[in-house]
>>> print(open('structure_21.csv').read())   # CSV, C-alpha atoms
chain,number,residue,atom,x,y,z
V,1357,MET,CA,49.1,-90.7,75.5
V,1358,ALA,CA,51.3,-91.3,72.5
V,1359,GLU,CA,54.3,-90.0,74.4
V,1360,LEU,CA,53.5,-92.3,77.3
V,1361,ALA,CA,53.2,-95.3,75.0
V,1362,ARG,CA,56.6,-94.5,73.5
V,1363,LYS,CA,58.1,-94.4,77.0
V,1364,ILE,CA,56.5,-97.7,77.9
V,1365,GLU,CA,57.8,-99.3,74.7
V,1366,ARG,CA,61.4,-98.0,75.3
V,1367,LEU,CA,61.3,-99.3,78.9
V,1368,ALA,CA,60.1,-102.7,77.8
V,1369,LYS,CA,62.9,-102.9,75.2
V,1370,HIS,CA,65.6,-101.9,77.7
V,1371,THR,CA,64.2,-104.4,80.3
V,1372,LEU,CA,64.2,-107.2,77.8
V,1373,TRP,CA,67.8,-106.6,76.8
V,1374,ALA,CA,68.8,-106.4,80.5
V,1375,ILE,CA,67.1,-109.8,81.2
V,1376,ILE,CA,69.0,-111.4,78.3
V,1377,GLY,CA,72.2,-110.0,79.6
V,1378,PHE,CA,71.5,-111.4,83.1
V,1379,PHE,CA,71.5,-115.0,81.6
V,1380,PHE,CA,74.4,-114.5,79.2
V,1381,GLY,CA,76.7,-112.7,81.7
V,1382,LYS,CA,79.3,-110.1,80.9
V,1383,LYS,CA,81.8,-110.7,78.0
V,1384,LYS,CA,85.5,-110.7,78.7
V,1385,SER,CA,87.2,-108.0,76.8
V,1386,PRO,CA,90.1,-109.1,74.4
V,1387,PRO,CA,93.5,-107.4,74.7
V,1388,LEU,CA,93.8,-104.0,73.0
V,1389,PRO,CA,94.6,-102.8,70.5
V,1390,ILE,CA,92.9,-105.2,68.1
V,1391,ASN,CA,95.1,-106.8,65.4
V,1392,PHE,CA,93.5,-105.1,62.4
V,1393,THR,CA,96.1,-106.4,60.0
V,1394,SER,CA,94.7,-109.9,60.3
V,1395,ALA,CA,91.1,-108.7,59.7
V,1396,SER,CA,89.6,-108.4,56.2
V,1397,SER,CA,86.2,-106.8,56.7
V,1398,ILE,CA,84.6,-104.2,59.0
V,1399,LEU,CA,80.9,-103.4,59.5
V,1400,VAL,CA,79.8,-100.0,60.7
V,1401,ILE,CA,76.2,-99.5,61.9
V,1402,ARG,CA,74.7,-96.1,61.7
V,1403,THR,CA,70.9,-96.4,61.3
V,1404,ASP,CA,70.1,-93.0,62.6
V,1405,ARG,CA,68.9,-89.8,60.9
V,1406,LEU,CA,70.5,-87.8,58.1
V,1407,GLY,CA,72.9,-85.7,60.2
V,1408,ASP,CA,74.2,-88.7,62.1
V,1409,VAL,CA,75.2,-90.4,58.8
V,1410,VAL,CA,77.0,-87.2,57.6
V,1411,LEU,CA,78.9,-87.0,60.8
V,1412,SER,CA,80.0,-90.6,60.6
V,1413,THR,CA,81.9,-90.1,57.3
V,1414,PRO,CA,85.3,-89.5,59.1
V,1415,VAL,CA,85.0,-93.0,60.5
V,1416,TYR,CA,85.2,-94.6,57.1
V,1417,GLU,CA,88.1,-92.4,56.0
V,1418,SER,CA,89.9,-93.1,59.3
V,1419,ILE,CA,89.5,-96.9,58.8
V,1420,LYS,CA,90.8,-96.8,55.2
V,1421,LYS,CA,93.7,-94.5,56.1
V,1422,SER,CA,94.8,-96.8,59.0
V,1423,PHE,CA,94.3,-100.1,57.2
V,1424,PRO,CA,93.6,-99.7,53.4
V,1425,HIS,CA,93.2,-103.5,52.9
V,1426,LEU,CA,90.0,-103.6,55.0
V,1427,ARG,CA,86.7,-103.9,53.2
V,1428,VAL,CA,84.2,-101.4,54.8
V,1429,SER,CA,80.5,-102.1,54.8
V,1430,VAL,CA,78.0,-99.6,56.3
V,1431,ILE,CA,74.4,-100.1,57.4
V,1432,VAL,CA,72.3,-96.9,57.0
V,1433,ASN,CA,68.6,-96.2,56.6
V,1434,ARG,CA,67.5,-96.7,53.0
V,1435,SER,CA,66.6,-93.0,52.7
V,1436,ASN,CA,70.1,-92.0,53.7
V,1437,MET,CA,72.0,-94.3,51.3
V,1438,PRO,CA,72.7,-91.5,48.7
V,1439,ILE,CA,74.9,-89.7,51.3
V,1440,LEU,CA,77.5,-92.4,51.0
V,1441,THR,CA,77.4,-93.0,47.3
V,1442,ASP,CA,80.6,-92.1,45.5
V,1443,ASN,CA,82.5,-92.3,48.8
V,1444,PRO,CA,85.8,-94.0,48.1
V,1445,ASN,CA,86.1,-95.1,51.7
V,1446,VAL,CA,82.9,-97.2,51.6
V,1447,ASP,CA,83.0,-100.5,49.8
V,1448,LYS,CA,79.4,-101.6,50.4
V,1449,ILE,CA,76.2,-99.8,51.6
V,1450,ILE,CA,73.6,-102.0,53.2
V,1451,PRO,CA,70.2,-100.4,53.3
V,1452,PHE,CA,68.1,-100.7,56.5
V,1453,ASP,CA,64.4,-100.8,56.2
V,1454,PRO,CA,62.5,-101.5,59.5
V,1455,LYS,CA,59.5,-102.7,57.4
V,1456,ASN,CA,61.7,-105.4,55.8
V,1457,LEU,CA,64.0,-106.8,58.4
V,1458,GLY,CA,64.2,-110.2,56.7
V,1459,THR,CA,66.2,-108.8,53.8
V,1460,ILE,CA,68.9,-107.2,55.9
V,1461,ILE,CA,69.1,-110.2,58.2
V,1462,LYS,CA,69.8,-112.4,55.1
V,1463,GLN,CA,72.5,-110.0,53.9
V,1464,LEU,CA,74.2,-110.0,57.3
V,1465,LEU,CA,74.1,-113.7,57.6
V,1466,CYS,CA,75.5,-114.1,54.0
V,1467,ASN,CA,78.5,-111.9,54.8
V,1468,ARG,CA,81.5,-112.5,57.0
V,1469,PHE,CA,82.6,-109.5,59.2
V,1470,ASP,CA,85.6,-109.6,61.4
V,1471,ILE,CA,84.8,-106.4,63.3
V,1472,ALA,CA,81.5,-104.5,63.8
V,1473,PHE,CA,81.3,-100.9,65.1
V,1474,THR,CA,78.0,-99.6,66.6
V,1475,LEU,CA,78.4,-95.9,66.7
V,1476,ASN,CA,75.4,-95.0,68.9
V,1477,LYS,CA,76.5,-93.3,72.1
V,1478,LYS,CA,72.9,-93.7,73.3
V,1479,PHE,CA,71.7,-97.4,73.5
V,1480,SER,CA,69.9,-98.4,70.4
V,1481,VAL,CA,67.9,-101.7,70.3
V,1482,ILE,CA,68.0,-101.8,66.5
V,1483,ALA,CA,71.7,-101.1,66.1
V,1484,SER,CA,72.5,-103.7,68.8
V,1485,PHE,CA,70.3,-106.3,67.2
V,1486,LEU,CA,72.1,-105.8,63.8
V,1487,ALA,CA,75.5,-106.1,65.6
V,1488,LEU,CA,74.2,-109.4,67.1
V,1489,ILE,CA,73.1,-110.7,63.7
V,1490,SER,CA,76.4,-109.8,62.1
V,1491,LYS,CA,78.2,-112.5,64.0
V,1492,ALA,CA,81.4,-110.4,63.9
V,1493,GLN,CA,84.3,-111.7,65.8
V,1494,TYR,CA,84.8,-108.4,67.6
V,1495,LYS,CA,81.8,-106.2,68.3
V,1496,ILE,CA,82.6,-102.7,69.5
V,1497,SER,CA,80.3,-100.1,71.0
V,1498,TYR,CA,79.8,-97.8,74.0
V,1499,ALA,CA,79.4,-99.4,77.4
V,1500,HIS,CA,75.6,-99.6,77.8
V,1501,ASP,CA,74.2,-101.5,80.8
V,1502,GLU,CA,71.9,-103.4,78.4
V,1503,THR,CA,74.7,-104.9,76.3
V,1504,THR,CA,77.4,-106.2,78.6
V,1505,TRP,CA,76.8,-109.6,77.1
V,1506,LEU,CA,76.8,-108.6,73.5
V,1507,TYR,CA,79.9,-106.3,72.8
V,1508,ASP,CA,83.4,-107.5,73.2
V,1509,ILE,CA,84.9,-104.1,73.4
V,1510,ARG,CA,82.9,-101.4,75.3
V,1511,LEU,CA,84.1,-97.9,75.6
V,1512,PRO,CA,83.1,-96.3,79.0
V,1513,ILE,CA,80.7,-93.4,78.6
V,1514,ASP,CA,82.0,-90.2,80.2
V,1515,ASN,CA,80.2,-86.9,80.7
V,1516,GLN,CA,82.6,-84.8,78.6
V,1517,SER,CA,80.8,-82.6,76.1
V,1518,ARG,CA,82.3,-83.2,72.7
V,1519,HIS,CA,81.1,-83.1,69.1
V,1520,GLU,CA,79.3,-86.1,67.8
V,1521,SER,CA,81.8,-86.7,65.0
V,1522,LEU,CA,84.5,-87.0,67.7
V,1523,ASN,CA,82.3,-89.3,69.8
V,1524,ASN,CA,82.3,-91.7,66.8
V,1525,LEU,CA,86.1,-91.5,66.4
V,1526,GLU,CA,86.6,-92.2,70.1
V,1527,LEU,CA,85.5,-95.8,69.4
V,1528,LEU,CA,88.1,-96.2,66.7
V,1529,SER,CA,90.9,-94.8,68.8
V,1530,TYR,CA,89.9,-97.0,71.7
V,1531,ALA,CA,90.0,-100.1,69.5
V,1532,GLY,CA,93.5,-99.2,68.2
V,1533,LEU,CA,93.2,-97.2,65.0
V,1534,THR,CA,95.8,-94.4,64.9
V,1535,LYS,CA,95.3,-92.5,61.6
V,1536,ILE,CA,92.2,-90.5,62.5
V,1537,SER,CA,90.5,-88.1,60.1
V,1538,LYS,CA,88.2,-85.6,61.8
V,1539,SER,CA,86.5,-83.7,59.0
V,1540,PRO,CA,83.1,-84.9,57.6
V,1541,ARG,CA,83.2,-85.2,53.8
V,1542,LEU,CA,80.8,-85.9,51.0
V,1543,TYR,CA,81.6,-86.9,47.4
V,1544,PHE,CA,79.8,-86.0,44.2
V,1545,ASN,CA,79.7,-87.4,40.7
V,1546,GLU,CA,79.8,-85.6,37.3
V,1547,ALA,CA,76.1,-86.0,36.6
V,1548,GLU,CA,75.2,-84.3,39.9
V,1549,GLU,CA,77.7,-81.5,39.3
V,1550,LYS,CA,76.2,-80.8,35.9
V,1551,LYS,CA,72.6,-80.9,37.1
V,1552,VAL,CA,73.1,-78.7,40.1
V,1553,SER,CA,75.2,-76.1,38.2
V,1554,THR,CA,72.5,-75.9,35.5
V,1555,ILE,CA,69.8,-75.3,38.1
V,1556,LEU,CA,71.7,-72.6,39.9
V,1557,ASN,CA,72.7,-70.9,36.7
V,1558,ALA,CA,69.1,-70.8,35.6
V,1559,LEU,CA,67.9,-69.3,38.9
V,1560,ARG,CA,70.5,-66.7,39.6
V,1561,LYS,CA,69.9,-63.1,38.6
V,1562,TYR,CA,72.9,-61.6,40.4
V,1563,PRO,CA,75.8,-64.1,40.0
V,1564,GLU,CA,78.2,-61.4,41.1
V,1565,LEU,CA,76.8,-61.5,44.6
V,1566,PRO,CA,77.4,-64.1,47.3
V,1567,LEU,CA,74.8,-66.9,47.1
V,1568,ILE,CA,72.8,-67.4,50.4
V,1569,LEU,CA,70.6,-70.4,50.8
V,1570,ILE,CA,67.8,-70.2,53.4
V,1571,LYS,CA,65.7,-73.1,54.7
V,1572,PRO,CA,62.8,-72.0,56.9
V,1573,GLY,CA,61.3,-75.5,57.2
V,1574,THR,CA,62.0,-78.0,60.0
V,1575,ARG,CA,60.9,-81.6,60.7
V,1576,ILE,CA,59.3,-80.7,64.0
V,1577,GLY,CA,57.6,-77.3,64.2
V,1578,LYS,CA,58.4,-76.4,67.8
V,1579,TRP,CA,62.1,-76.9,66.9
V,1580,GLY,CA,62.1,-74.1,64.3
V,1581,TRP,CA,62.4,-70.4,64.4
V,1582,LYS,CA,59.2,-68.5,63.5
V,1583,VAL,CA,58.6,-68.6,59.7
V,1584,GLU,CA,57.9,-64.9,59.6
V,1585,ASN,CA,61.4,-64.2,61.1
V,1586,PHE,CA,62.9,-66.1,58.2
V,1587,GLN,CA,60.9,-64.0,55.9
V,1588,VAL,CA,62.2,-60.8,57.4
V,1589,VAL,CA,65.8,-62.0,57.2
V,1590,ALA,CA,65.5,-63.2,53.6
V,1591,GLU,CA,64.0,-59.8,52.6
V,1592,LYS,CA,66.6,-57.7,54.3
V,1593,LEU,CA,69.5,-59.7,52.9
V,1594,SER,CA,68.0,-59.6,49.4
V,1595,SER,CA,67.2,-55.9,49.4
V,1596,SER,CA,70.5,-54.9,50.9
V,1597,LYS,CA,72.3,-56.6,47.9
V,1598,LYS,CA,74.7,-58.1,50.4
V,1599,GLY,CA,73.9,-61.4,48.7
V,1600,GLU,CA,71.5,-63.2,46.4
V,1601,VAL,CA,69.0,-65.3,48.4
V,1602,LEU,CA,67.3,-68.5,47.3
V,1603,PHE,CA,65.0,-70.6,49.5
V,1604,ILE,CA,65.6,-74.3,50.0
V,1605,CYS,CA,62.4,-76.2,49.7
V,1606,GLY,CA,62.1,-79.7,51.2
V,1607,PRO,CA,59.6,-82.3,50.1
V,1608,GLY,CA,56.1,-81.0,50.9
V,1609,GLU,CA,57.4,-77.5,51.9
V,1610,GLU,CA,56.2,-75.8,48.7
V,1611,PRO,CA,53.1,-74.3,50.4
V,1612,LEU,CA,55.3,-72.9,53.2
V,1613,ILE,CA,57.6,-71.1,50.8
V,1614,ASP,CA,54.6,-69.9,48.8
V,1615,ARG,CA,53.1,-68.5,52.0
V,1616,ILE,CA,56.3,-66.6,52.8
V,1617,ASN,CA,56.5,-65.1,49.4
V,1618,LYS,CA,52.8,-64.1,49.4
V,1619,GLN,CA,53.3,-62.1,52.6
V,1620,ALA,CA,56.6,-60.6,51.5
V,1621,ASN,CA,57.2,-57.3,49.7
V,1622,SER,CA,59.2,-59.0,47.1
V,1623,THR,CA,59.3,-62.6,45.8
V,1624,ILE,CA,62.4,-64.7,46.5
V,1625,ASP,CA,63.0,-67.7,44.2
V,1626,ARG,CA,63.4,-71.2,45.6
V,1627,LEU,CA,65.4,-74.2,44.6
V,1628,PRO,CA,63.3,-77.1,43.2
V,1629,VAL,CA,62.9,-80.1,45.5
V,1630,LEU,CA,66.3,-81.8,45.2
V,1631,SER,CA,67.6,-85.2,46.3
V,1632,ILE,CA,69.6,-85.1,49.5
V,1633,LYS,CA,72.8,-85.5,47.6
V,1634,GLU,CA,71.9,-82.8,45.1
V,1635,LEU,CA,71.0,-80.4,48.0
V,1636,ALA,CA,74.3,-81.0,49.6
V,1637,LEU,CA,76.0,-80.1,46.4
V,1638,ALA,CA,73.9,-76.9,46.1
V,1639,ILE,CA,75.0,-76.0,49.6
V,1640,LYS,CA,78.6,-76.6,48.6
V,1641,LYS,CA,78.2,-74.2,45.7
V,1642,SER,CA,76.7,-71.5,47.9
V,1643,ASP,CA,78.5,-68.9,50.0
V,1644,LEU,CA,76.4,-69.3,53.1
V,1645,LEU,CA,73.6,-71.5,54.5
V,1646,PHE,CA,71.0,-70.2,57.0
V,1647,CYS,CA,68.7,-72.8,58.6
V,1648,ASN,CA,67.3,-74.3,61.8
V,1649,HIS,CA,69.1,-77.0,63.6
V,1650,THR,CA,68.3,-79.8,61.1
V,1651,GLY,CA,70.1,-82.5,59.3
V,1652,ILE,CA,71.1,-80.3,56.3
V,1653,MET,CA,73.1,-78.1,58.7
V,1654,HIS,CA,75.6,-80.9,58.7
V,1655,PHE,CA,75.9,-80.7,54.9
V,1656,ALA,CA,77.6,-77.3,55.4
V,1657,SER,CA,80.2,-78.9,57.7
V,1658,ALA,CA,80.9,-81.7,55.2
V,1659,VAL,CA,81.3,-79.3,52.2
V,1660,GLU,CA,82.9,-76.4,54.1
V,1661,THR,CA,80.2,-73.8,53.5
V,1662,PRO,CA,79.8,-71.1,56.2
V,1663,VAL,CA,76.6,-71.6,58.1
V,1664,ALA,CA,74.3,-69.7,60.5
V,1665,VAL,CA,72.1,-71.9,62.6
V,1666,ILE,CA,69.1,-71.3,64.8
V,1667,PHE,CA,69.3,-73.7,67.8
V,1668,LYS,CA,66.0,-74.0,69.7
V,1669,HIS,CA,66.8,-77.5,71.0
V,1670,GLY,CA,69.8,-79.8,71.4
V,1671,GLU,CA,73.4,-79.6,72.7
V,1672,THR,CA,75.3,-77.1,70.6
V,1673,ALA,CA,78.7,-78.5,71.6
V,1674,ARG,CA,77.6,-82.0,70.4
V,1675,TRP,CA,75.4,-81.2,67.4
V,1676,GLY,CA,76.6,-77.8,66.2
V,1677,PRO,CA,78.5,-77.1,62.9
V,1678,THR,CA,82.1,-78.2,62.6
V,1679,ASN,CA,84.9,-77.9,60.1
V,1680,THR,CA,83.6,-74.6,58.6
V,1681,PRO,CA,83.1,-71.0,59.7
V,1682,HIS,CA,79.8,-70.7,61.5
V,1683,ILE,CA,77.6,-68.8,64.0
V,1684,ILE,CA,75.1,-70.5,66.4
V,1685,LEU,CA,72.1,-68.4,67.3
V,1686,GLU,CA,70.4,-69.9,70.4
V,1687,GLU,CA,66.7,-69.3,71.2
V,1688,LYS,CA,65.8,-72.0,73.7
V,1689,ASN,CA,62.6,-71.8,75.8
V,1690,SER,CA,61.9,-68.3,74.4
V,1691,ASP,CA,61.1,-66.3,71.3
V,1692,VAL,CA,63.4,-63.4,71.8
V,1693,LEU,CA,65.9,-63.7,69.0
V,1694,SER,CA,65.2,-60.8,66.7
V,1695,PRO,CA,65.7,-60.9,62.9
V,1696,LYS,CA,67.9,-57.8,63.1
V,1697,ILE,CA,70.4,-59.7,65.3
V,1698,VAL,CA,70.4,-62.5,62.8
V,1699,VAL,CA,70.9,-60.3,59.8
V,1700,ASP,CA,73.8,-58.5,61.5
V,1701,GLN,CA,75.4,-61.9,62.4
V,1702,ILE,CA,75.0,-63.2,58.8
V,1703,ASN,CA,76.5,-60.0,57.3
V,1704,GLN,CA,79.5,-60.3,59.7
V,1705,LEU,CA,80.0,-64.0,58.7
V,1706,LEU,CA,79.8,-63.0,55.0
V,1707,THR,CA,82.4,-60.3,55.6
V,1708,ASN,CA,84.7,-62.7,57.4
V,1709,THR,CA,84.5,-65.3,54.7
V,1710,GLN,CA,85.1,-63.3,51.6
V,1711,ALA,CA,86.4,-66.1,49.3
V,1712,ARG,CA,83.7,-66.5,46.7
V,1713,LYS,CA,82.6,-69.8,45.4
V,1714,THR,CA,82.1,-70.5,41.7
V,1715,ILE,CA,79.4,-72.7,40.2
>>> encode(input="structure_21.csv", output="structure tokens")
Amino acid sequence: MAELARKIERLAKHTLWAIIGFFFGKKKSPPLPINFTSASSILVIRTDRLGDVVLSTPVYESIKKSFPHLRVSVIVNRSNMPILTDNPNVDKIIPFDPKNLGTIIKQLLCNRFDIAFTLNKKFSVIASFLALISKAQYKISYAHDETTWLYDIRLPIDNQSRHESLNNLELLSYAGLTKISKSPRLYFNEAEEKKVSTILNALRKYPELPLILIKPGTRIGKWGWKVENFQVVAEKLSSSKKGEVLFICGPGEEPLIDRINKQANSTIDRLPVLSIKELALAIKKSDLLFCNHTGIMHFASAVETPVAVIFKHGETARWGPTNTPHIILEEKNSDVLSPKIVVDQINQLLTNTQARKTI
């Protein structure tokens, strides 16, 4: 019933936007490329999940490289704001809280934006609403049927399979930006560096070995590899001395890690629960990340740490790792991927990426 209710809600929203479009009519596109030299401010809307925000970071760098004079503001979910702190390509981070729409509406109305980019390749009611409120002179997005009346520049959607970070950059190129940066990137401050280094130094018993971080948990259980399989892989890697293993523990996942260690032959230490920015830095300081297809997988791409990923759902071409050595281990609609295959693949990845990182 809950799934049916969500489908009905989505249909109602799409229908409402289509009706509005019927009365407003289709906007006439301005000539391209846009004259960015006469603009002063840009708004980028990315109110999605953690991984989407990480993969949007090349957008801000590309804008600043192309036109350094532009002031770049970004709307992201409040919980994802730390990902963009210390980023020299972002001038202002505007927090989005669906429970407090009044605040963000006031902020948007008090600012002047020349150009607004909505990065969602799939139609988003929230993102489109924020673009509407922004009153930007030029609003740019993908060509969704629901928003022919809203966006000035609409990139046609093709069926080509490409990485999500490249999907985002398509919009910039279409609008006329030429200096495109393709690599996701995160930035850290001195306090974060000191804290994470202290934690890792205190936990590590074999600093001469490569550091392997493993996160068994996932947001949705059916999208994760069996927890007992993670346990087997962690034990085999640890006992073989091919690397030193630490578990990543997300908020509320302490009982999961404790259960794994209770069933294991030997205890494997875990990182304390870190902020998302601190966790990204811990991954940067490690030699390999092993996890399910979750948001933190994209941290590895942004900090250039090799990563082995279990994919039980999603398009690997669009959502897989990028910008770093990686292996994708697919197990869709089955439970046939063995821990032995995973261990062998991880060992091979470690062998192929021998440059050690230092804390």
>>> atom_distance(input="structure_21.csv", atom1="CA of Leu1565 in chain V", atom2="CA of Ile1697 in chain V")
21.7 Å
>>> closest_residue(input="structure_21.csv", among="V:Ile1509, V:Val1409, V:Ala1547, V:Leu1542", to="Arg1434 in chain V", atoms="all atoms listed in the file")
V:Val1409
>>> residues_around(input="structure_21.csv", residues="Leu1685 in chain V", least_positions_apart="2", cutoff="7 Å", atoms="only C-alpha atoms", output="ChimeraX atom specification")
/V:1665-1667,1683,1687
>>> closest_residue(input="structure_21.csv", among="V:Arg1510, V:Lys1578, V:Lys1384, V:Lys1633", to="Tyr1543 in chain V", atoms="only C-alpha atoms")
V:Lys1633
>>> atom_distance(input="structure_21.csv", atom1="CA of Val1400 in chain V", atom2="CA of Ala1472 in chain V")
5.7 Å
>>> residues_around(input="structure_21.csv", residues="Thr1413 in chain V", least_positions_apart="2", cutoff="10 Å", atoms="all atoms listed in the file", output="PDB file with C-alpha atoms, keeping the file's coordinate frame")
ATOM      1  CA  ASP V1408      74.200 -88.700  62.100  1.00  0.00           C
ATOM      2  CA  VAL V1409      75.200 -90.400  58.800  1.00  0.00           C
ATOM      3  CA  VAL V1410      77.000 -87.200  57.600  1.00  0.00           C
ATOM      4  CA  LEU V1411      78.900 -87.000  60.800  1.00  0.00           C
ATOM      5  CA  VAL V1415      85.000 -93.000  60.500  1.00  0.00           C
ATOM      6  CA  TYR V1416      85.200 -94.600  57.100  1.00  0.00           C
ATOM      7  CA  GLU V1417      88.100 -92.400  56.000  1.00  0.00           C
ATOM      8  CA  SER V1418      89.900 -93.100  59.300  1.00  0.00           C
ATOM      9  CA  ILE V1439      74.900 -89.700  51.300  1.00  0.00           C
ATOM     10  CA  LEU V1440      77.500 -92.400  51.000  1.00  0.00           C
ATOM     11  CA  ASN V1443      82.500 -92.300  48.800  1.00  0.00           C
ATOM     12  CA  ASN V1445      86.100 -95.100  51.700  1.00  0.00           C
ATOM     13  CA  VAL V1446      82.900 -97.200  51.600  1.00  0.00           C
ATOM     14  CA  SER V1521      81.800 -86.700  65.000  1.00  0.00           C
ATOM     15  CA  ASN V1524      82.300 -91.700  66.800  1.00  0.00           C
ATOM     16  CA  SER V1537      90.500 -88.100  60.100  1.00  0.00           C
ATOM     17  CA  LYS V1538      88.200 -85.600  61.800  1.00  0.00           C
ATOM     18  CA  SER V1539      86.500 -83.700  59.000  1.00  0.00           C
ATOM     19  CA  PRO V1540      83.100 -84.900  57.600  1.00  0.00           C
ATOM     20  CA  ARG V1541      83.200 -85.200  53.800  1.00  0.00           C
ATOM     21  CA  LEU V1542      80.800 -85.900  51.000  1.00  0.00           C
ATOM     22  CA  ALA V1658      80.900 -81.700  55.200  1.00  0.00           C
TER      23      ALA V1658
END
>>> closest_residue(input="structure_21.csv", among="V:Leu1567, V:Ala1558, V:Leu1627, V:Val1692", to="Gln1710 in chain V", atoms="only C-alpha atoms")
V:Leu1567
>>> residues_near_point(input="structure_21.csv", point="(82.7, -71.6, 63.6)", cutoff="12 Å", atoms="all atoms listed in the file", output="MDAnalysis selection string")
chainID V and resid 1656:1657 1660:1665 1672:1673 1676:1685 1705 1708:1709
>>> axis_aligned_box(input="structure_21.csv", around="range 1615-1624 of chain V", padding_each_side="8 Å", output="AutoDock Vina command-line options")
--center_x 57.6 --center_y -62.9 --center_z 49.3 --size_x 25.6 --size_y 27.2 --size_z 23.0
>>> residues_around(input="structure_21.csv", residues="range 1482-1495 of chain V", least_positions_apart="3", cutoff="9 Å", atoms="all atoms listed in the file", output="VMD selection string")
chain V and resid 1386 1390 1398 to 1404 1431 1454 1460 to 1461 1464 to 1465 1467 to 1476 1479 1503 1506 to 1510
>>> closest_residue(input="structure_21.csv", among="V:Asn1436, V:Ala1620, V:Glu1671, V:Ser1596", to="Ser1517 in chain V", atoms="only C-alpha atoms")
V:Glu1671
>>> atom_distance(input="structure_21.csv", atom1="CA of Ser1422 in chain V", atom2="CA of Ser1497 in chain V")
19.1 Å
>>> residues_around(input="structure_21.csv", residues="Ser1396 in chain V", least_positions_apart="2", cutoff="7 Å", atoms="only C-alpha atoms", output="MDAnalysis selection string")
chainID V and resid 1394 1425:1427 1470
>>> closest_residue(input="structure_21.csv", among="V:Ile1632, V:Ala1638, V:Leu1457, V:Ala1395", to="Met1437 in chain V", atoms="all atoms listed in the file")
V:Ile1632
>>> residues_around(input="structure_21.csv", residues="Leu1637 in chain V", least_positions_apart="5", cutoff="8 Å", atoms="all atoms listed in the file", output="list in words")
Phe1544, Glu1548, Glu1549, Val1552 and Val1659 of chain V
>>> closest_residue(input="structure_21.csv", among="V:Ile1568, V:Ile1419, V:Leu1372, V:Ile1496", to="Val1481 in chain V", atoms="only C-alpha atoms")
V:Leu1372
>>> decode(input="structure_21.csv", residues="range 1465-1476 of chain V", atoms="N, CA and C atoms", output="PDB file, in the first residue's frame")
ATOM      1  N   LEU V1465      14.423  34.498  -2.654  1.00  0.00           N
ATOM      2  CA  LEU V1465      13.803  35.760  -3.055  1.00  0.00           C
ATOM      3  C   LEU V1465      14.686  36.957  -2.726  1.00  0.00           C
ATOM      4  N   CYS V1466      15.547  36.811  -1.730  1.00  0.00           N
ATOM      5  CA  CYS V1466      16.423  37.917  -1.322  1.00  0.00           C
ATOM      6  C   CYS V1466      17.699  37.977  -2.155  1.00  0.00           C
ATOM      7  N   ASN V1467      17.963  36.967  -2.951  1.00  0.00           N
ATOM      8  CA  ASN V1467      19.163  36.933  -3.780  1.00  0.00           C
ATOM      9  C   ASN V1467      18.783  37.170  -5.241  1.00  0.00           C
ATOM     10  N   ARG V1468      19.781  37.602  -6.000  1.00  0.00           N
ATOM     11  CA  ARG V1468      19.577  37.773  -7.438  1.00  0.00           C
ATOM     12  C   ARG V1468      20.470  36.786  -8.174  1.00  0.00           C
ATOM     13  N   PHE V1469      19.867  35.933  -8.980  1.00  0.00           N
ATOM     14  CA  PHE V1469      20.622  34.948  -9.749  1.00  0.00           C
ATOM     15  C   PHE V1469      20.399  35.197 -11.233  1.00  0.00           C
ATOM     16  N   ASP V1470      21.485  35.248 -11.967  1.00  0.00           N
ATOM     17  CA  ASP V1470      21.368  35.426 -13.417  1.00  0.00           C
ATOM     18  C   ASP V1470      21.048  34.106 -14.111  1.00  0.00           C
ATOM     19  N   ILE V1471      21.641  33.029 -13.592  1.00  0.00           N
ATOM     20  CA  ILE V1471      21.504  31.713 -14.232  1.00  0.00           C
ATOM     21  C   ILE V1471      21.272  30.661 -13.156  1.00  0.00           C
ATOM     22  N   ALA V1472      20.367  29.730 -13.418  1.00  0.00           N
ATOM     23  CA  ALA V1472      20.120  28.618 -12.490  1.00  0.00           C
ATOM     24  C   ALA V1472      20.217  27.301 -13.248  1.00  0.00           C
ATOM     25  N   PHE V1473      21.033  26.383 -12.737  1.00  0.00           N
ATOM     26  CA  PHE V1473      21.158  25.037 -13.290  1.00  0.00           C
ATOM     27  C   PHE V1473      20.436  24.049 -12.379  1.00  0.00           C
ATOM     28  N   THR V1474      19.513  23.275 -12.933  1.00  0.00           N
ATOM     29  CA  THR V1474      18.924  22.139 -12.222  1.00  0.00           C
ATOM     30  C   THR V1474      19.558  20.878 -12.796  1.00  0.00           C
ATOM     31  N   LEU V1475      20.302  20.144 -11.969  1.00  0.00           N
ATOM     32  CA  LEU V1475      21.119  19.046 -12.480  1.00  0.00           C
ATOM     33  C   LEU V1475      20.368  17.728 -12.650  1.00  0.00           C
ATOM     34  N   ASN V1476      19.138  17.649 -12.160  1.00  0.00           N
ATOM     35  CA  ASN V1476      18.421  16.372 -12.179  1.00  0.00           C
ATOM     36  C   ASN V1476      18.091  15.917 -13.596  1.00  0.00           C
TER      37      ASN V1476
END
